[in-house]
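Source file: run19.txt. Holds: compact mmCIF, C-alpha atoms.
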# COMPACT_ATOMS: atom_id res chain seq x y z
CA MET A 1 0.00 0.00 0.00
CA ILE A 2 1.08 3.55 -0.72
CA TYR A 3 -0.10 5.45 2.31
CA LEU A 4 -0.87 9.12 1.66
CA ASP A 5 -3.40 9.80 4.42
CA ASN A 6 -0.94 11.15 6.96
CA ALA A 7 -3.18 14.10 7.86
CA ALA A 8 -5.52 11.52 9.43
CA THR A 9 -2.71 9.65 11.14
CA THR A 10 0.85 8.74 10.26
CA LEU A 11 0.49 5.00 9.74
CA ARG A 12 4.17 4.37 9.16
CA LYS A 13 6.17 5.23 12.30
CA PRO A 14 9.84 5.03 13.12
CA PRO A 15 10.49 1.48 14.46
CA GLN A 16 11.47 2.95 17.82
CA VAL A 17 7.84 3.95 18.40
CA GLU A 18 6.51 0.40 18.29
CA ALA A 19 9.41 -0.80 20.43
CA ALA A 20 8.70 1.87 23.06
CA VAL A 21 4.99 0.97 23.18
CA LEU A 22 5.75 -2.72 23.65
CA GLU A 23 8.40 -2.07 26.26
CA ALA A 24 6.01 0.12 28.26
CA LEU A 25 3.24 -2.47 27.96
CA ARG A 26 5.54 -5.08 29.41
CA SER A 27 7.25 -3.06 32.13
CA CYS A 28 5.17 -0.07 33.24
CA ALA A 29 2.53 0.02 35.95
CA ASN A 30 0.34 3.00 36.84
CA PRO A 31 2.31 6.25 37.17
CA GLY A 32 1.74 8.34 40.28
CA ARG A 33 -0.03 5.53 42.06
CA GLY A 34 2.69 3.64 43.87
CA GLY A 35 6.28 3.67 45.04
CA HIS A 36 7.30 0.35 43.52
CA ALA A 37 9.69 -0.06 40.63
CA ALA A 38 7.07 -0.64 37.91
CA ALA A 39 5.15 2.51 38.92
CA ALA A 40 8.37 4.51 39.10
CA ARG A 41 9.32 3.27 35.61
CA ALA A 42 5.97 4.47 34.28
CA GLU A 43 6.47 7.86 35.95
CA GLU A 44 9.84 8.20 34.28
CA LYS A 45 8.44 7.25 30.85
CA VAL A 46 5.70 9.84 31.18
CA TYR A 47 8.06 12.51 32.42
CA GLY A 48 10.58 11.69 29.69
CA THR A 49 7.96 12.37 27.02
CA ARG A 50 6.82 15.51 28.81
CA ARG A 51 10.38 16.79 28.85
CA LEU A 52 10.93 16.06 25.15
CA ALA A 53 7.71 17.88 24.25
CA ALA A 54 8.73 20.80 26.47
CA ARG A 55 12.02 20.97 24.60
CA LEU A 56 10.37 20.87 21.19
CA PHE A 57 7.83 23.56 22.05
CA GLY A 58 9.98 25.82 24.27
CA LEU A 59 7.95 25.31 27.47
CA GLU A 60 8.34 23.85 30.96
CA PRO A 61 7.43 20.14 31.49
CA GLU A 62 4.45 20.98 33.71
CA GLN A 63 2.90 23.01 30.87
CA ILE A 64 2.65 19.85 28.76
CA CYS A 65 -0.61 18.01 29.47
CA PHE A 66 -1.46 14.66 27.93
CA THR A 67 -4.80 14.25 26.22
CA ALA A 68 -6.34 11.50 24.09
CA ASN A 69 -6.19 13.63 20.92
CA ALA A 70 -6.29 17.24 19.70
CA THR A 71 -10.09 17.31 20.00
CA GLU A 72 -9.92 16.74 23.75
CA GLY A 73 -7.35 19.52 24.06
CA LEU A 74 -9.54 21.92 22.09
CA ASN A 75 -12.53 21.00 24.23
CA ILE A 76 -10.55 21.82 27.39
CA ALA A 77 -9.28 25.11 25.99
CA LEU A 78 -12.66 26.28 24.70
CA ARG A 79 -14.60 25.17 27.76
CA THR A 80 -12.11 27.10 29.88
CA LEU A 81 -12.42 30.35 27.96
CA VAL A 82 -15.85 30.45 26.36
CA LYS A 83 -19.24 30.99 27.97
CA PRO A 84 -22.58 30.94 26.11
CA GLY A 85 -23.27 34.19 24.33
CA THR A 86 -19.67 35.41 24.27
CA ARG A 87 -17.87 36.58 21.14
CA VAL A 88 -15.44 34.07 19.66
CA VAL A 89 -13.50 34.64 16.45
CA ILE A 90 -12.36 31.63 14.44
CA SER A 91 -10.66 31.15 11.10
CA GLY A 92 -12.75 30.00 8.16
CA LEU A 93 -10.65 26.85 7.99
CA GLU A 94 -11.47 25.33 11.38
CA HIS A 95 -12.23 21.67 11.93
CA ASN A 96 -15.39 20.33 13.56
CA ALA A 97 -13.29 19.86 16.71
CA VAL A 98 -13.66 23.62 17.08
CA THR A 99 -17.01 24.37 15.45
CA ARG A 100 -18.94 21.57 17.16
CA THR A 101 -17.40 22.37 20.53
CA LEU A 102 -18.49 25.98 20.14
CA ALA A 103 -21.97 24.86 19.04
CA GLY A 104 -22.10 22.71 22.16
CA LEU A 105 -21.30 25.81 24.19
CA GLY A 106 -24.10 27.73 22.52
CA VAL A 107 -21.79 30.06 20.64
CA GLU A 108 -22.15 31.21 17.04
CA PRO A 109 -18.60 32.26 16.21
CA VAL A 110 -17.52 35.17 14.05
CA VAL A 111 -15.66 33.67 11.09
CA ALA A 112 -12.60 35.42 9.65
CA ALA A 113 -11.99 34.30 6.09
CA ALA A 114 -9.63 35.15 3.24
CA PRO A 115 -8.21 33.56 0.07
CA LEU A 116 -6.61 30.25 1.03
CA PHE A 117 -2.91 30.96 0.54
CA ASP A 118 -2.85 34.74 1.12
CA ALA A 119 -1.32 35.14 4.60
CA ALA A 120 -1.57 38.95 4.57
CA ALA A 121 -5.26 38.77 3.75
CA TRP A 122 -5.82 36.37 6.67
CA THR A 123 -4.11 38.80 9.03
CA GLU A 124 -6.36 41.60 7.75
CA ALA A 125 -9.47 39.46 8.13
CA PHE A 126 -8.61 38.72 11.76
CA ALA A 127 -7.70 42.34 12.46
CA GLU A 128 -11.19 43.30 11.33
CA ALA A 129 -13.01 40.57 13.24
CA LEU A 130 -11.08 40.74 16.54
CA ARG A 131 -12.38 43.18 19.13
CA PRO A 132 -11.42 43.72 22.76
CA GLY A 133 -13.64 41.68 25.04
CA ALA A 134 -13.82 38.62 22.80
CA ALA A 135 -13.67 35.43 24.86
CA ALA A 136 -11.24 33.73 22.50
CA CYS A 137 -9.71 33.63 19.07
CA VAL A 138 -9.23 30.16 17.59
CA CYS A 139 -7.00 29.45 14.66
CA LEU A 140 -5.34 26.42 13.17
CA GLN A 141 -1.75 26.72 12.01
CA VAL A 142 -2.17 24.52 8.92
CA SER A 143 -5.46 23.66 7.23
CA ASN A 144 -6.23 19.94 7.31
CA VAL A 145 -8.00 20.32 3.95
CA PHE A 146 -5.77 22.60 1.89
CA GLY A 147 -2.40 22.71 3.67
CA ALA A 148 -2.67 26.50 3.80
CA VAL A 149 -0.55 28.01 6.58
CA LEU A 150 -2.19 30.74 8.65
CA PRO A 151 -0.09 33.59 10.11
CA VAL A 152 -0.33 32.52 13.75
CA ALA A 153 2.50 34.77 14.97
CA GLU A 154 0.82 37.87 13.48
CA LEU A 155 -2.48 36.73 14.90
CA GLY A 156 -0.86 36.37 18.32
CA ALA A 157 0.23 40.02 18.15
CA LEU A 158 -3.30 41.09 17.20
CA CYS A 159 -4.77 39.11 20.09
CA ALA A 160 -2.23 40.51 22.55
CA ALA A 161 -3.04 44.08 21.49
CA ARG A 162 -6.76 43.45 22.08
CA GLY A 163 -6.40 41.29 25.21
CA VAL A 164 -8.02 38.28 23.56
CA PRO A 165 -6.82 34.75 24.49
CA LEU A 166 -5.50 32.82 21.51
CA VAL A 167 -6.12 29.10 21.03
CA VAL A 168 -4.11 27.39 18.31
CA ASP A 169 -4.95 24.05 16.72
CA ALA A 170 -1.58 22.63 15.69
CA SER A 171 -3.01 19.31 14.50
CA GLN A 172 -1.39 19.45 11.07
CA SER A 173 1.65 21.55 11.94
CA ALA A 174 3.20 19.95 15.04
CA GLY A 175 6.29 18.13 13.91
CA LEU A 176 6.27 19.94 10.56
CA LEU A 177 6.48 23.65 11.40
CA PRO A 178 7.89 25.47 14.43
CA VAL A 179 5.25 25.59 17.18
CA ARG A 180 6.22 28.38 19.62
CA PRO A 181 3.29 29.11 21.93
CA ALA A 182 5.22 31.50 24.19
CA ASP A 183 6.38 33.60 21.22
CA TRP A 184 2.82 33.70 19.91
CA GLY A 185 1.39 34.67 23.29
CA ALA A 186 -1.05 31.76 22.99
CA ALA A 187 -3.19 30.68 25.92
CA PHE A 188 -3.47 27.07 24.71
CA VAL A 189 -2.12 25.00 21.83
CA ALA A 190 -3.71 21.62 21.09
CA MET A 191 -2.31 18.84 18.93
CA PRO A 192 -2.55 15.09 18.36
CA GLY A 193 0.40 12.85 19.16
CA HIS A 194 -0.27 10.46 16.29
CA LYS A 195 0.22 12.68 13.23
CA GLY A 196 3.37 14.76 12.67
CA LEU A 197 4.72 13.83 16.11
CA LEU A 198 4.72 10.18 14.97
CA GLY A 199 3.30 8.70 18.16
CA PRO A 200 0.50 6.15 18.52
CA GLN A 201 -3.20 6.93 18.15
CA GLY A 202 -4.90 7.82 21.41
CA THR A 203 -2.25 10.37 22.29
CA GLY A 204 -2.40 14.16 22.22
CA LEU A 205 -0.95 17.21 23.90
CA LEU A 206 -2.43 20.39 25.26
CA LEU A 207 0.19 23.07 25.83
CA CYS A 208 -1.08 25.27 28.65
CA LEU A 209 0.13 28.83 29.11
CA GLU A 210 -3.01 29.75 31.04
CA GLN A 211 -4.77 27.92 33.85
CA PRO A 212 -7.29 25.48 32.30
CA ALA A 213 -10.55 24.14 33.68
CA PRO A 214 -10.54 20.35 33.89
CA LEU A 215 -12.71 18.35 31.52
CA ARG A 216 -12.30 15.09 33.46
CA PHE A 217 -12.46 14.74 37.23
CA GLY A 218 -10.98 11.99 39.34
CA GLY A 219 -7.83 10.54 40.82
CA THR A 220 -4.47 12.08 40.09
CA GLY A 221 -2.27 10.36 42.66
CA SER A 222 -1.83 13.70 44.43
CA ARG A 223 -3.68 15.55 47.25
CA SER A 224 -6.11 12.69 47.49
CA GLU A 225 -8.01 14.03 50.48
CA ASP A 226 -9.11 17.13 48.57
CA ARG A 227 -12.44 16.63 46.79
CA ARG A 228 -11.53 19.30 44.26
CA MET A 229 -9.18 18.79 41.35
CA PRO A 230 -5.66 20.08 42.06
CA GLU A 231 -4.75 23.54 40.78
CA GLU A 232 -1.35 22.19 39.84
CA LEU A 233 -0.57 21.32 36.22
CA PRO A 234 -0.41 18.78 34.69
CA ASP A 235 -2.41 16.94 37.43
CA ARG A 236 -5.35 19.31 36.95
CA LEU A 237 -6.02 17.88 33.48
CA GLU A 238 -4.82 14.31 33.91
CA ALA A 239 -7.41 12.55 36.06
CA GLY A 240 -7.50 8.80 35.67
CA THR A 241 -4.89 6.39 34.40
CA LEU A 242 -2.73 7.78 31.64
CA ASN A 243 -2.09 6.00 28.33
CA VAL A 244 1.46 5.09 29.35
CA PRO A 245 2.27 2.83 26.37
CA GLY A 246 0.97 5.51 24.00
CA ILE A 247 2.89 8.24 25.79
CA ALA A 248 6.06 6.13 25.69
CA GLY A 249 5.56 5.70 21.93
CA LEU A 250 4.98 9.41 21.54
CA GLY A 251 8.26 9.99 23.38
CA ALA A 252 10.02 7.82 20.81
CA GLY A 253 8.41 9.82 17.99
CA LEU A 254 9.51 13.09 19.58
CA ARG A 255 13.04 11.78 20.07
CA TRP A 256 13.14 10.78 16.40
CA LEU A 257 12.08 14.28 15.33
CA LEU A 258 14.44 16.07 17.71
CA ALA A 259 17.38 14.10 16.31
CA ARG A 260 16.75 15.49 12.82
CA ASP A 261 17.11 18.81 11.08
CA PRO A 262 13.56 20.21 10.96
CA SER A 263 14.26 22.37 7.93
CA ALA A 264 15.50 19.34 5.99
CA LEU A 265 12.33 17.41 6.88
CA ARG A 266 10.26 20.39 5.79
CA ARG A 267 12.13 20.75 2.48
CA ASN A 268 11.59 17.08 1.73
CA GLU A 269 7.86 17.22 2.43
CA THR A 270 7.46 20.40 0.39
CA ALA A 271 9.28 18.80 -2.54
CA LEU A 272 7.01 15.73 -2.37
CA LEU A 273 3.90 17.88 -2.26
CA ARG A 274 5.06 20.02 -5.19
CA ARG A 275 5.87 16.96 -7.24
CA ALA A 276 2.39 15.58 -6.59
CA ALA A 277 0.74 18.93 -7.42
CA ARG A 278 2.70 19.39 -10.67
CA GLY A 279 2.04 15.80 -11.74
CA LEU A 280 -1.69 16.07 -11.07
CA GLU A 281 -1.96 19.41 -12.88
CA GLY A 282 -0.17 17.87 -15.84
CA LEU A 283 -2.79 15.14 -15.92
CA GLY A 284 -5.62 17.68 -15.97
CA ALA A 285 -6.68 17.36 -12.32
CA ARG A 286 -7.96 20.36 -10.38
CA VAL A 287 -5.40 21.12 -7.66
CA TRP A 288 -5.57 23.58 -4.76
CA THR A 289 -2.05 24.81 -4.20
CA GLY A 290 -0.23 27.96 -3.15
CA PRO A 291 2.70 29.53 -1.32
CA GLY A 292 3.79 27.98 1.96
CA GLN A 293 1.55 24.94 1.53
CA THR A 294 2.43 22.33 4.12
CA GLY A 295 1.80 18.60 4.28
CA VAL A 296 -1.62 18.47 2.61
CA LEU A 297 -2.85 18.73 -0.99
CA SER A 298 -6.49 18.83 -2.07
CA PHE A 299 -7.43 17.86 -5.63
CA ARG A 300 -10.18 16.46 -7.84
CA LEU A 301 -9.96 14.17 -10.84
CA PRO A 302 -11.80 15.39 -13.94
CA GLY A 303 -15.31 14.04 -14.17
CA ARG A 304 -15.05 11.81 -11.11
CA ASP A 305 -16.86 12.07 -7.81
CA CYS A 306 -14.31 12.30 -4.97
CA GLU A 307 -15.58 9.33 -2.94
CA THR A 308 -15.71 7.11 -6.03
CA ALA A 309 -12.23 8.23 -7.01
CA ALA A 310 -10.89 7.49 -3.50
CA SER A 311 -12.39 4.00 -3.72
CA ALA A 312 -10.73 3.50 -7.10
CA TYR A 313 -7.39 4.60 -5.63
CA ALA A 314 -7.91 2.28 -2.63
CA ALA A 315 -8.60 -0.65 -4.97
CA ARG A 316 -5.19 0.05 -6.53
CA GLY A 317 -3.40 0.23 -3.18
CA ILE A 318 -3.34 4.00 -2.67
CA ALA A 319 -4.67 5.35 0.64
CA LEU A 320 -6.15 8.85 0.38
CA ARG A 321 -9.07 10.58 2.04
CA ALA A 322 -12.12 11.99 0.25
CA GLY A 323 -15.04 14.18 1.23
CA LEU A 324 -15.21 17.02 3.74
CA HIS A 325 -12.43 15.88 6.10
CA CYS A 326 -14.54 16.86 9.15
CA ALA A 327 -14.09 20.50 8.10
CA PRO A 328 -17.15 21.73 6.18
CA LEU A 329 -16.31 25.30 7.16
CA ALA A 330 -12.96 25.01 5.38
CA HIS A 331 -14.70 23.73 2.26
CA ARG A 332 -17.13 26.64 2.40
CA THR A 333 -14.19 29.04 2.61
CA GLY A 334 -12.32 27.25 -0.17
CA GLY A 335 -15.39 27.02 -2.41
CA THR A 336 -15.34 23.22 -2.50
CA LEU A 337 -18.75 22.48 -1.00
CA PRO A 338 -20.78 20.34 -1.32
CA GLU A 339 -18.59 17.66 -2.87
CA GLY A 340 -15.37 18.25 -1.01
CA THR A 341 -12.02 17.10 -2.34
CA LEU A 342 -9.60 14.25 -2.51
CA ARG A 343 -6.79 14.79 -0.04
CA LEU A 344 -3.22 13.59 -0.26
CA SER A 345 -0.98 14.12 2.78
CA VAL A 346 2.65 13.26 3.38
CA SER A 347 4.84 12.59 6.41
CA PRO A 348 8.58 12.62 7.10
CA LEU A 349 8.59 8.93 6.13
CA THR A 350 6.88 9.34 2.74
CA ARG A 351 9.18 8.39 -0.15
CA GLU A 352 9.51 9.99 -3.56
CA SER A 353 8.80 6.61 -5.17
CA GLU A 354 5.41 6.59 -3.44
CA ILE A 355 4.47 9.92 -5.01
CA GLU A 356 5.54 8.56 -8.40
CA GLY A 357 3.43 5.44 -7.80
CA PHE A 358 0.48 7.61 -6.86
CA LEU A 359 0.89 9.67 -10.06
CA SER A 360 1.04 6.53 -12.20
CA VAL A 361 -2.24 5.32 -10.72
CA SER A 362 -3.74 8.81 -11.16
CA GLU A 363 -2.81 8.75 -14.83
CA ALA A 364 -4.36 5.31 -15.26
CA LEU A 365 -7.58 6.42 -13.55
CA ILE A 366 -7.86 9.57 -15.66
CA ARG A 367 -7.19 7.67 -18.90
CA LYS A 368 -9.62 4.90 -17.96
CA LYS A 369 -12.41 7.40 -17.59
CA MET B 370 21.28 8.37 54.02
CA TYR B 371 18.71 11.03 53.41
CA ASP B 372 17.17 12.81 56.38
CA MET B 373 15.71 15.96 54.86
CA TYR B 374 12.46 15.92 52.86
CA LEU B 375 11.09 18.69 50.66
CA THR B 376 7.47 17.97 49.73
CA VAL B 377 6.27 19.04 46.30
CA ARG B 378 2.84 19.42 44.69
CA SER B 379 3.04 16.69 42.08
CA VAL B 380 5.22 13.94 40.72
CA THR B 381 5.99 16.14 37.68
CA ARG B 382 7.28 18.99 39.86
CA GLY B 383 9.23 16.43 41.85
CA GLN B 384 10.85 15.01 38.73
CA LYS B 385 11.72 18.47 37.50
CA GLY B 386 13.14 19.35 40.93
CA ARG B 387 15.18 16.15 41.06
CA ASP B 388 16.69 16.95 37.66
CA VAL B 389 17.51 20.53 38.74
CA LEU B 390 19.22 19.37 41.94
CA SER B 391 21.08 16.52 40.25
CA ARG B 392 22.39 18.84 37.55
CA ALA B 393 23.67 21.12 40.31
CA GLY B 394 25.51 18.19 41.90
CA LEU B 395 23.19 17.72 44.88
CA ARG B 396 22.48 14.12 45.79
CA CYS B 397 18.75 13.54 46.07
CA ALA B 398 15.96 11.07 45.39
CA LEU B 399 12.32 11.49 44.48
CA VAL B 400 10.22 9.43 46.87
CA ARG B 401 6.60 8.95 47.84
CA ALA B 402 6.18 11.23 50.84
CA PRO B 403 5.67 9.42 54.17
CA ARG B 404 2.10 9.96 55.36
CA ALA B 405 3.24 12.14 58.28
CA ILE B 406 4.50 14.83 55.92
CA ALA B 407 1.69 14.57 53.36
CA PRO B 408 -1.30 15.96 55.22
CA GLY B 409 -3.40 16.21 52.03
CA GLY B 410 -2.68 12.57 51.20
CA CYS B 411 -0.58 11.14 48.34
CA ALA B 412 2.38 13.41 47.77
CA TYR B 413 5.97 13.26 46.62
CA ALA B 414 9.11 14.54 48.29
CA LEU B 415 12.68 15.25 47.33
CA ALA B 416 14.88 13.48 49.85
CA LEU B 417 18.23 15.13 50.60
CA ARG B 418 20.99 15.17 53.17
CA ARG B 419 20.61 17.67 55.97
CA GLY B 420 22.70 20.74 55.23
CA ASP B 421 21.84 20.75 51.54
CA GLU B 422 18.37 22.21 52.01
CA ALA B 423 19.21 25.92 51.79
CA ARG B 424 20.94 25.49 48.43
CA ALA B 425 18.25 23.12 47.23
CA LEU B 426 15.48 25.57 48.12
CA ARG B 427 17.23 28.35 46.22
CA LEU B 428 17.69 26.17 43.14
CA LEU B 429 14.11 24.94 43.23
CA GLU B 430 12.69 28.42 43.61
CA ARG B 431 14.73 29.61 40.65
CA ALA B 432 13.47 26.67 38.56
CA GLY B 433 9.83 27.30 39.46
CA VAL B 434 9.39 24.21 41.65
CA PRO B 435 7.31 25.27 44.67
CA VAL B 436 8.16 23.45 47.90
CA GLU B 437 5.21 22.77 50.18
CA GLY B 438 7.12 21.80 53.31
CA CYS B 439 10.62 21.17 54.55
CA TRP B 440 10.94 18.28 57.03
CA ILE B 441 13.71 16.63 59.03
CA SER B 442 13.40 12.98 59.90
CA GLY B 443 14.75 12.00 63.29
CA ALA B 444 16.41 8.78 64.36
CA ASP B 445 13.11 7.72 65.93
CA GLY B 446 11.35 7.98 62.54
CA ARG B 447 9.44 11.12 63.48
CA PHE B 448 9.36 14.21 61.30
CA GLU B 449 9.80 17.79 62.34
CA ARG B 450 8.73 20.60 60.07
CA VAL B 451 11.47 23.20 59.68
CA GLY B 452 10.03 25.28 56.86
CA PRO B 453 9.25 26.89 54.58
Would you encode the structure as structure tokens?
Amino acid sequence: MIYLDNAATTLRKPPQVEAAVLEALRSCANPGRGGHAAAARAEEKVYGTRRLAARLFGLEPEQICFTANATEGLNIALRTLVKPGTRVVISGLEHNAVTRTLAGLGVEPVVAAAPLFDAAAWTEAFAEALRPGAAACVCLQVSNVFGAVLPVAELGALCAARGVPLVVDASQSAGLLPVRPADWGAAFVAMPGHKGLLGPQGTGLLLCLEQPAPLRFGGTGSRSEDRRMPEELPDRLEAGTLNVPGIAGLGAGLRWLLARDPSALRRNETALLRRAARGLEGLGARVWTGPGQTGVLSFRLPGRDCETAASAYAARGIALRAGLHCAPLAHRTGGTLPEGTLRLSVSPLTRESEIEGFLSVSEALIRKK
Amino acid sequence: MYDMYLTVRSVTRGQKGRDVLSRAGLRCALVRAPRAIAPGGCAYALALRRGDEARALRLLERAGVPVEGCWISGADGRFERVGP
């Protein structure tokens, strides 16, 4: 199989990730729940991953909170900041992890939108929409549909000037682009562990620069006589038993990334994406591409419905994703509703030969039609 | 043998504190706090040798590791709070 659905999850991981998961399964007990060797080993695994993440994102270990995925992190961040009826500004590229959470909170957000790959226009759109007193501004760093990069640093400056907390969804950027929450002045940054960070599914991180409200309540292995959740991070957000094998695997993914030159990884992924875009355009496909595009490419084959085309690719051993990618708002902004797009997404482990294989199958599918 | 215990708010703070002290050359261990020095239940402590506490407290404060209590353990196994 040629796997090009890395924006959903990176299926191919460095071998160290699997080894770390298995080792933790075999040797780690419950962290923070006992003084014996197996519990202490688990505590060290968890802390090791926390420390690596802190290093990658320029924070302190206690600011790194483990979640099950980016969605959980976004739920925590939004439920901390947003009350029903408050003003919330979001980008027109947000995922349902943001829009459904806001709907659940009874909030109709103000949507800032601009042409997909025009960073200056996005900054202007946010400058117009953001007003002092807004409960939050939510913005992804990279669109999971189009790979467009939003100007998060500029947005951070706008938010700081207006006193609005910034929440960043780094689901598609973590591991690919620099994620610097302190430089951005972000309140929270949420991300999965199983995409660009190369960890197992069921892992995620919430980077906390403000005090969050807990989403889950329960045991933390600390201050047990207090009926309230601890104020202290990360315990405040980590009630219940942690996913230690997953966190150990995530640590291995982070270690793999930290041992490499991030700009070289980025150059390689950009080259793969450009090759795919040029090849598809040459075959007559409709391709959404532009400056700064990162990790993700949306396209359509001429005369073919996206879902049918994805099935045809799958039958030929190519894994892509079709449809709305859980981001109908992004498709509205990009003008690709109601059908959606086919989406190709790469990872640091995608090979050039796989892009060539994908293009060969694309050519065959277009000719067959 | 360790006879000075600095209690901390969480295992994460304890691990960070242990790393800070170890890097500075102070011998220490992160331990589950004995019940007598964990009035809220379930806590961790950095165990040190008596005499190292003043330096340890300075290093921990600088690193942002709040210390909840500073305890000496006696030969009879009892603890006496000596700060902060």
For this session: Write down, as a PyMOL selection string, each residue of chain B that has any atom within 10 Å of an atom of chain A, counting all atoms listed in the file.
Result: chain B and resi 377-382+384-385+399-402+407-413+432-434
Problem set entry | Separation of CA of Cys137 in chain A from CA of Ala187 in chain A, in Å and rounded to one decimal |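 So the two atoms, CA of Cys137 in chain A and CA of Ala187 in chain A, lie 9.9 Å apart.
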For this session: Excluding Gly104 in chain A and residues on its chain fewer than 3 positions from it, collect all residues at most 10 Å away from it, counting all atoms listed in the file, and give them as a ChimeraX atom specification.
Result: /A:75,79,84,98-101,107-108
Problem set entry | 9 Å contact set for range 350-364 of chain A, all atoms listed in the file, chain neighbours under 4 positions out, as a ChimeraX atom specification | /A:2-4,12,269,271-273,275-276,279-280,283,301,313,316,318,346,368-369
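What separates CA of Val89 in chain A from CA of Arg131 in chain A is a distance of 9.0 Å.
Between CA of Val88 in chain A and CA of Glu210 in chain A lies a distance of 17.4 Å.
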Could you work out an axis-aligned bounding box for all listed atoms of range 430-445 of chain B, with 3 Å added on each of the six sides, and give its centre and edge lengths in Å to one decimal, as JSON?
{"center_x": 10.8, "center_y": 18.7, "center_z": 52.2, "size_x": 17.2, "size_y": 27.9, "size_z": 33.4}
For range 248-257 of chain A, work out the shell of residues within 7 Å, counting all atoms listed in the file and skipping chain neighbours fewer than 2 positions away, then give it as an mmCIF file with C-alpha atoms, keeping the file's coordinate frame.
data_model
loop_
_atom_site.group_PDB
_atom_site.id
_atom_site.type_symbol
_atom_site.label_atom_id
_atom_site.label_comp_id
_atom_site.auth_asym_id
_atom_site.auth_seq_id
_atom_site.Cartn_x
_atom_site.Cartn_y
_atom_site.Cartn_z
ATOM 1 C CA PRO A 14 9.840 5.030 13.120
ATOM 2 C CA GLN A 16 11.470 2.950 17.820
ATOM 3 C CA VAL A 17 7.840 3.950 18.400
ATOM 4 C CA GLU A 18 6.510 0.400 18.290
ATOM 5 C CA ALA A 20 8.700 1.870 23.060
ATOM 6 C CA VAL A 21 4.990 0.970 23.180
ATOM 7 C CA ALA A 24 6.010 0.120 28.260
ATOM 8 C CA LYS A 45 8.440 7.250 30.850
ATOM 9 C CA VAL A 46 5.700 9.840 31.180
ATOM 10 C CA GLY A 48 10.580 11.690 29.690
ATOM 11 C CA THR A 49 7.960 12.370 27.020
ATOM 12 C CA LEU A 52 10.930 16.060 25.150
ATOM 13 C CA ALA A 53 7.710 17.880 24.250
ATOM 14 C CA GLY A 193 0.400 12.850 19.160
ATOM 15 C CA LEU A 197 4.720 13.830 16.110
ATOM 16 C CA LEU A 198 4.720 10.180 14.970
ATOM 17 C CA GLY A 199 3.300 8.700 18.160
ATOM 18 C CA PRO A 200 0.500 6.150 18.520
ATOM 19 C CA VAL A 244 1.460 5.090 29.350
ATOM 20 C CA PRO A 245 2.270 2.830 26.370
ATOM 21 C CA GLY A 246 0.970 5.510 24.000
ATOM 22 C CA ALA A 259 17.380 14.100 16.310
ATOM 23 C CA ARG A 260 16.750 15.490 12.820
#
Could you pull the residues within 7 Å of Arg387 in chain B, counting all atoms listed in the file, minus those fewer than 3 positions along the same chain, as a short mmCIF file (atom, residue, chain, number, x, y, z; two decimals) with C-alpha atoms, in the coordinates of the input?
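Dumped everything to selection-v7.cif:
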data_model
loop_
_atom_site.label_atom_id
_atom_site.label_comp_id
_atom_site.auth_asym_id
_atom_site.auth_seq_id
_atom_site.Cartn_x
_atom_site.Cartn_y
_atom_site.Cartn_z
CA GLY B 383 9.23 16.43 41.85
CA GLN B 384 10.85 15.01 38.73
CA LEU B 390 19.22 19.37 41.94
CA SER B 391 21.08 16.52 40.25
CA CYS B 397 18.75 13.54 46.07
CA ALA B 398 15.96 11.07 45.39
CA LEU B 399 12.32 11.49 44.48
CA LEU B 415 12.68 15.25 47.33
#
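Comparing B:Val389, B:Ala414, B:Leu395, B:Asp372 by their smallest distance to Leu429 in chain B, the closest is B:Val389 (using all atoms listed in the file).
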Please list as a PDB file with C-alpha atoms, keeping the file's coordinate frame every residue within 10 Å of Cys439 in chain B, counting all atoms listed in the file and excluding residues in the same chain fewer than 6 positions away.
ATOM      1  CA  MET B 373      15.710  15.960  54.860  1.00  0.00           C
ATOM      2  CA  TYR B 374      12.460  15.920  52.860  1.00  0.00           C
ATOM      3  CA  LEU B 375      11.090  18.690  50.660  1.00  0.00           C
ATOM      4  CA  THR B 376       7.470  17.970  49.730  1.00  0.00           C
ATOM      5  CA  VAL B 377       6.270  19.040  46.300  1.00  0.00           C
ATOM      6  CA  ILE B 406       4.500  14.830  55.920  1.00  0.00           C
ATOM      7  CA  ALA B 414       9.110  14.540  48.290  1.00  0.00           C
ATOM      8  CA  LEU B 415      12.680  15.250  47.330  1.00  0.00           C
ATOM      9  CA  ALA B 416      14.880  13.480  49.850  1.00  0.00           C
ATOM     10  CA  GLU B 422      18.370  22.210  52.010  1.00  0.00           C
ATOM     11  CA  LEU B 426      15.480  25.570  48.120  1.00  0.00           C
ATOM     12  CA  PHE B 448       9.360  14.210  61.300  1.00  0.00           C
ATOM     13  CA  GLU B 449       9.800  17.790  62.340  1.00  0.00           C
ATOM     14  CA  ARG B 450       8.730  20.600  60.070  1.00  0.00           C
ATOM     15  CA  VAL B 451      11.470  23.200  59.680  1.00  0.00           C
ATOM     16  CA  GLY B 452      10.030  25.280  56.860  1.00  0.00           C
ATOM     17  CA  PRO B 453       9.250  26.890  54.580  1.00  0.00           C
TER      18      PRO B 453
END
For this session: Measuring atom to atom with all atoms listed in the file, identify which of A:Gly196, A:Gly218, A:Gly147, A:Gly282 is nearest to Arg343 in chain A.
Result: A:Gly147
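The shortest atom-to-atom distance to Ser311 in chain A, with only C-alpha atoms taken into account, belongs to A:Leu342 out of A:Ala135, A:Val152, A:Leu140, A:Leu342.
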Exercise. Using all atoms listed in the file, which residue out of B:Ala405, B:Arg396, B:Gly420, B:Asp388 lies closest to Gly438 in chain B?
Worked result: B:Ala405
